[in-house]
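upload-v7.cif follows (mmCIF, C-alpha atoms, pLDDT in the B column; chains and numbers go by the auth columns):
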data_work
loop_
_atom_site.group_PDB
_atom_site.id
_atom_site.type_symbol
_atom_site.label_atom_id
_atom_site.label_comp_id
_atom_site.label_asym_id
_atom_site.label_seq_id
_atom_site.Cartn_x
_atom_site.Cartn_y
_atom_site.Cartn_z
_atom_site.B_iso_or_equiv
_atom_site.auth_seq_id
_atom_site.auth_asym_id
ATOM 1 C CA SER A 1 43.830 11.909 -69.761 48.00 1 A
ATOM 2 C CA PRO A 2 44.779 14.107 -66.819 51.00 2 A
ATOM 3 C CA ILE A 3 44.432 17.861 -67.001 55.00 3 A
ATOM 4 C CA LYS A 4 47.715 19.746 -66.597 57.00 4 A
ATOM 5 C CA GLY A 5 48.290 20.424 -62.915 59.00 5 A
ATOM 6 C CA GLU A 6 45.596 17.951 -61.833 67.00 6 A
ATOM 7 C CA ILE A 7 46.659 15.709 -58.957 71.00 7 A
ATOM 8 C CA MET A 8 46.138 12.085 -59.921 85.00 8 A
ATOM 9 C CA ASN A 9 45.655 9.179 -57.573 92.00 9 A
ATOM 10 C CA TYR A 10 47.572 5.957 -58.079 92.00 10 A
ATOM 11 C CA THR A 11 47.359 2.331 -57.112 94.00 11 A
ATOM 12 C CA TYR A 12 50.676 0.623 -57.539 93.00 12 A
ATOM 13 C CA ILE A 13 52.628 -2.517 -56.763 94.00 13 A
ATOM 14 C CA VAL A 14 56.257 -2.504 -55.724 93.00 14 A
ATOM 15 C CA GLU A 15 58.537 -5.508 -55.659 94.00 15 A
ATOM 16 C CA CYS A 16 60.599 -5.541 -52.488 93.00 16 A
ATOM 17 C CA GLY A 17 64.238 -6.551 -52.159 93.00 17 A
ATOM 18 C CA ASP A 18 63.158 -9.910 -50.716 95.00 18 A
ATOM 19 C CA GLY A 19 60.944 -10.641 -53.740 95.00 19 A
ATOM 20 C CA SER A 20 57.658 -9.918 -51.973 95.00 20 A
ATOM 21 C CA LEU A 21 55.028 -7.619 -53.466 95.00 21 A
ATOM 22 C CA ASP A 22 53.373 -4.673 -51.712 92.00 22 A
ATOM 23 C CA GLU A 23 50.316 -2.775 -52.924 91.00 23 A
ATOM 24 C CA GLN A 24 49.814 0.898 -52.178 89.00 24 A
ATOM 25 C CA SER A 25 47.611 3.788 -53.223 88.00 25 A
ATOM 26 C CA GLY A 26 48.217 7.495 -52.997 83.00 26 A
ATOM 27 C CA LYS A 27 49.071 10.638 -54.873 74.00 27 A
ATOM 28 C CA LYS A 28 52.648 9.618 -55.627 62.00 28 A
ATOM 29 C CA ASN A 29 54.804 6.545 -55.327 52.00 29 A
ATOM 30 C CA THR A 30 58.140 7.999 -54.357 56.00 30 A
ATOM 31 C CA GLY A 31 60.154 7.785 -51.189 60.00 31 A
ATOM 32 C CA HIS A 32 60.123 4.045 -50.603 58.00 32 A
ATOM 33 C CA ASN A 33 63.845 3.539 -51.209 56.00 33 A
ATOM 34 C CA ALA A 34 64.607 6.584 -49.059 59.00 34 A
ATOM 35 C CA GLY A 35 62.898 4.846 -46.134 61.00 35 A
ATOM 36 C CA LYS A 36 59.811 7.066 -46.376 61.00 36 A
ATOM 37 C CA GLY A 37 57.456 4.393 -47.653 62.00 37 A
ATOM 38 C CA ALA A 38 55.103 2.037 -45.905 70.00 38 A
ATOM 39 C CA LYS A 39 56.172 0.223 -42.760 76.00 39 A
ATOM 40 C CA TYR A 40 56.168 -3.076 -44.680 77.00 40 A
ATOM 41 C CA THR A 41 58.654 -1.875 -47.293 78.00 41 A
ATOM 42 C CA LYS A 42 61.070 -0.112 -44.911 81.00 42 A
ATOM 43 C CA SER A 43 62.630 -3.422 -43.885 82.00 43 A
ATOM 44 C CA ARG A 44 62.589 -4.847 -47.418 86.00 44 A
ATOM 45 C CA LEU A 45 64.601 -2.310 -49.414 85.00 45 A
ATOM 46 C CA PRO A 46 65.274 -1.691 -52.203 89.00 46 A
ATOM 47 C CA VAL A 47 61.872 -1.647 -53.860 88.00 47 A
ATOM 48 C CA LYS A 48 61.062 -1.428 -57.560 91.00 48 A
ATOM 49 C CA LEU A 49 57.839 -0.137 -59.085 91.00 49 A
ATOM 50 C CA VAL A 50 56.414 -2.994 -61.170 94.00 50 A
ATOM 51 C CA TYR A 51 52.798 -1.924 -61.777 94.00 51 A
ATOM 52 C CA SER A 52 50.610 1.167 -61.548 92.00 52 A
ATOM 53 C CA GLU A 53 47.151 2.428 -62.434 93.00 53 A
ATOM 54 C CA THR A 54 45.875 6.012 -62.420 92.00 54 A
ATOM 55 C CA PHE A 55 42.503 7.139 -61.059 93.00 55 A
ATOM 56 C CA ALA A 56 40.653 10.444 -60.864 91.00 56 A
ATOM 57 C CA THR A 57 39.690 10.008 -57.210 92.00 57 A
ATOM 58 C CA LYS A 58 41.305 8.739 -54.035 92.00 58 A
ATOM 59 C CA GLU A 59 38.306 6.482 -53.435 95.00 59 A
ATOM 60 C CA GLU A 60 38.745 4.726 -56.794 95.00 60 A
ATOM 61 C CA ALA A 61 42.456 4.194 -56.120 94.00 61 A
ATOM 62 C CA MET A 62 41.799 2.823 -52.636 95.00 62 A
ATOM 63 C CA SER A 63 39.071 0.514 -53.938 96.00 63 A
ATOM 64 C CA ARG A 64 41.446 -0.898 -56.559 96.00 64 A
ATOM 65 C CA GLU A 65 44.208 -1.295 -53.941 95.00 65 A
ATOM 66 C CA TYR A 66 41.768 -3.289 -51.794 96.00 66 A
ATOM 67 C CA ALA A 67 40.904 -5.551 -54.735 97.00 67 A
ATOM 68 C CA ILE A 68 44.565 -6.156 -55.594 96.00 68 A
ATOM 69 C CA LYS A 69 45.463 -6.881 -51.961 96.00 69 A
ATOM 70 C CA HIS A 70 42.917 -9.710 -52.020 97.00 70 A
ATOM 71 C CA MET A 71 44.386 -11.314 -55.145 97.00 71 A
ATOM 72 C CA LYS A 72 46.625 -14.346 -54.887 97.00 72 A
ATOM 73 C CA ARG A 73 50.305 -13.756 -55.680 96.00 73 A
ATOM 74 C CA LYS A 74 49.903 -15.639 -58.973 97.00 74 A
ATOM 75 C CA GLU A 75 47.101 -13.266 -60.014 96.00 75 A
ATOM 76 C CA LYS A 76 49.199 -10.209 -59.112 96.00 76 A
ATOM 77 C CA LEU A 77 52.119 -11.519 -61.163 96.00 77 A
ATOM 78 C CA GLN A 78 49.748 -12.069 -64.111 95.00 78 A
ATOM 79 C CA LEU A 79 48.474 -8.489 -63.737 94.00 79 A
ATOM 80 C CA ILE A 80 52.073 -7.214 -63.817 94.00 80 A
ATOM 81 C CA GLU A 81 52.947 -9.412 -66.807 92.00 81 A
ATOM 82 C CA ASN A 82 49.870 -8.332 -68.760 89.00 82 A
ATOM 83 C CA ARG A 83 50.684 -4.651 -68.221 80.00 83 A
ATOM 84 C CA ALA A 84 54.274 -5.249 -69.352 72.00 84 A
ATOM 85 C CA GLU A 85 53.060 -6.923 -72.563 72.00 85 A
ATOM 86 C CA ILE A 86 50.687 -4.045 -73.343 66.00 86 A
ATOM 87 C CA PHE A 87 53.495 -1.492 -73.039 62.00 87 A
ATOM 88 C CA ASN A 88 56.294 -3.703 -74.474 62.00 88 A
ATOM 89 C CA ILE A 89 58.317 -3.530 -71.284 56.00 89 A
#
Here is the file; what I need is its structure written in the form of structure tokens.
Amino acid sequence: SPIKGEIMNYTYIVECGDGSLDEQSGKKNTGHNAGKGAKYTKSRLPVKLVYSETFATKEEAMSREYAIKHMKRKEKLQLIENRAEIFNI
């Protein structure tokens, strides 16, 4: 678990207003709906966070983002569904 005040690194998936999925990594996942997100999402607002993972390092988060980006859409949807089942969402 993170230490209080420690900056965590995230890999996350947002669902865009057009139904497409976008994968990102970074220290926080805010700003997309305010037009401050990635170029891809700016024209596909609003976006909704549908999946996230936490990592201790930026490198781990970026590596996971790379792996997710290479998944087929069906695999990404399964990843999202599995996370939702674990947390009863």
Quick one: residues within 10 Å of Val14 (chain A), only C-alpha atoms, excluding same-chain residues fewer than 5 positions away - as a PyMOL selection string?
chain A and resi 19-24+29+32+41+46-52
Explicit residue set for the PyMOL selection byres ((chain A and resi 25) around 12), as a CSV table (one decimal) with C-alpha atoms, in the frame of the given file:
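After the write, expr.csv holds the following:
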chain,number,residue,atom,x,y,z
A,8,MET,CA,46.1,12.1,-59.9
A,9,ASN,CA,45.7,9.2,-57.6
A,10,TYR,CA,47.6,6.0,-58.1
A,11,THR,CA,47.4,2.3,-57.1
A,12,TYR,CA,50.7,0.6,-57.5
A,13,ILE,CA,52.6,-2.5,-56.8
A,14,VAL,CA,56.3,-2.5,-55.7
A,22,ASP,CA,53.4,-4.7,-51.7
A,23,GLU,CA,50.3,-2.8,-52.9
A,24,GLN,CA,49.8,0.9,-52.2
A,26,GLY,CA,48.2,7.5,-53.0
A,27,LYS,CA,49.1,10.6,-54.9
A,28,LYS,CA,52.6,9.6,-55.6
A,29,ASN,CA,54.8,6.5,-55.3
A,30,THR,CA,58.1,8.0,-54.4
A,37,GLY,CA,57.5,4.4,-47.7
A,38,ALA,CA,55.1,2.0,-45.9
A,51,TYR,CA,52.8,-1.9,-61.8
A,52,SER,CA,50.6,1.2,-61.5
A,53,GLU,CA,47.2,2.4,-62.4
A,54,THR,CA,45.9,6.0,-62.4
A,55,PHE,CA,42.5,7.1,-61.1
A,57,THR,CA,39.7,10.0,-57.2
A,58,LYS,CA,41.3,8.7,-54.0
A,59,GLU,CA,38.3,6.5,-53.4
A,60,GLU,CA,38.7,4.7,-56.8
A,61,ALA,CA,42.5,4.2,-56.1
A,62,MET,CA,41.8,2.8,-52.6
A,63,SER,CA,39.1,0.5,-53.9
A,64,ARG,CA,41.4,-0.9,-56.6
A,65,GLU,CA,44.2,-1.3,-53.9
A,66,TYR,CA,41.8,-3.3,-51.8
A,67,ALA,CA,40.9,-5.6,-54.7
A,68,ILE,CA,44.6,-6.2,-55.6
A,69,LYS,CA,45.5,-6.9,-52.0
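Reported to one decimal place, the separation of CA of His70 (chain A) from CA of Arg83 (chain A) is 18.7 Å.
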Grab the CA of Ala56 (chain A) to CA of Leu79 (chain A) distance for me, in Å with one decimal place.
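Answer for the CA of Ala56 (chain A) to CA of Leu79 (chain A) separation: 20.7 Å.
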In Å, rounded to a single decimal, give me how far CA of Asp18 (chain A) is from CA of Lys74 (chain A).
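Taking CA of Lys74 (chain A) as the start and CA of Asp18 (chain A) as the end point, the length is 16.6 Å.
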Could N, CA and C atoms be built for region 4-25 of chain A and written out as a compact mmCIF listing (two decimals), in the coordinates of the input?
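Generated file (selection33.txt):
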# COMPACT_ATOMS: atom_id res chain seq x y z
N LYS A 4 46.45 19.23 -67.10
CA LYS A 4 47.72 19.75 -66.60
C LYS A 4 47.52 20.35 -65.21
N GLY A 5 48.35 19.92 -64.27
CA GLY A 5 48.29 20.42 -62.92
C GLY A 5 47.34 19.65 -62.02
N GLU A 6 46.54 18.75 -62.62
CA GLU A 6 45.60 17.95 -61.83
C GLU A 6 46.37 16.89 -61.03
N ILE A 7 46.01 16.71 -59.80
CA ILE A 7 46.66 15.71 -58.96
C ILE A 7 45.95 14.39 -59.18
N MET A 8 46.70 13.40 -59.65
CA MET A 8 46.14 12.08 -59.92
C MET A 8 46.36 11.18 -58.72
N ASN A 9 45.57 10.17 -58.63
CA ASN A 9 45.66 9.18 -57.57
C ASN A 9 46.09 7.86 -58.19
N TYR A 10 46.98 7.17 -57.53
CA TYR A 10 47.57 5.96 -58.08
C TYR A 10 47.34 4.76 -57.17
N THR A 11 47.24 3.61 -57.79
CA THR A 11 47.36 2.33 -57.11
C THR A 11 48.56 1.68 -57.76
N TYR A 12 49.46 1.19 -56.96
CA TYR A 12 50.68 0.62 -57.54
C TYR A 12 51.18 -0.56 -56.73
N ILE A 13 52.00 -1.35 -57.39
CA ILE A 13 52.63 -2.52 -56.76
C ILE A 13 54.13 -2.31 -56.85
N VAL A 14 54.80 -2.52 -55.73
CA VAL A 14 56.26 -2.50 -55.72
C VAL A 14 56.74 -3.90 -55.38
N GLU A 15 57.86 -4.26 -56.00
CA GLU A 15 58.54 -5.51 -55.66
C GLU A 15 59.64 -5.16 -54.68
N CYS A 16 59.62 -5.81 -53.53
CA CYS A 16 60.60 -5.54 -52.49
C CYS A 16 61.88 -6.32 -52.72
N GLY A 17 62.94 -5.91 -52.03
CA GLY A 17 64.24 -6.55 -52.16
C GLY A 17 64.22 -8.04 -51.85
N ASP A 18 63.25 -8.48 -51.05
CA ASP A 18 63.16 -9.91 -50.72
C ASP A 18 62.26 -10.67 -51.68
N GLY A 19 61.79 -9.99 -52.74
CA GLY A 19 60.94 -10.64 -53.74
C GLY A 19 59.46 -10.55 -53.45
N SER A 20 59.08 -10.05 -52.29
CA SER A 20 57.66 -9.92 -51.97
C SER A 20 57.06 -8.72 -52.72
N LEU A 21 55.74 -8.70 -52.80
CA LEU A 21 55.03 -7.62 -53.47
C LEU A 21 54.24 -6.84 -52.43
N ASP A 22 54.16 -5.51 -52.61
CA ASP A 22 53.37 -4.67 -51.71
C ASP A 22 52.52 -3.74 -52.55
N GLU A 23 51.25 -3.63 -52.21
CA GLU A 23 50.32 -2.78 -52.92
C GLU A 23 50.09 -1.51 -52.12
N GLN A 24 50.02 -0.40 -52.82
CA GLN A 24 49.81 0.90 -52.18
C GLN A 24 48.89 1.74 -53.04
N SER A 25 48.33 2.78 -52.45
CA SER A 25 47.61 3.79 -53.22
C SER A 25 47.96 5.14 -52.63
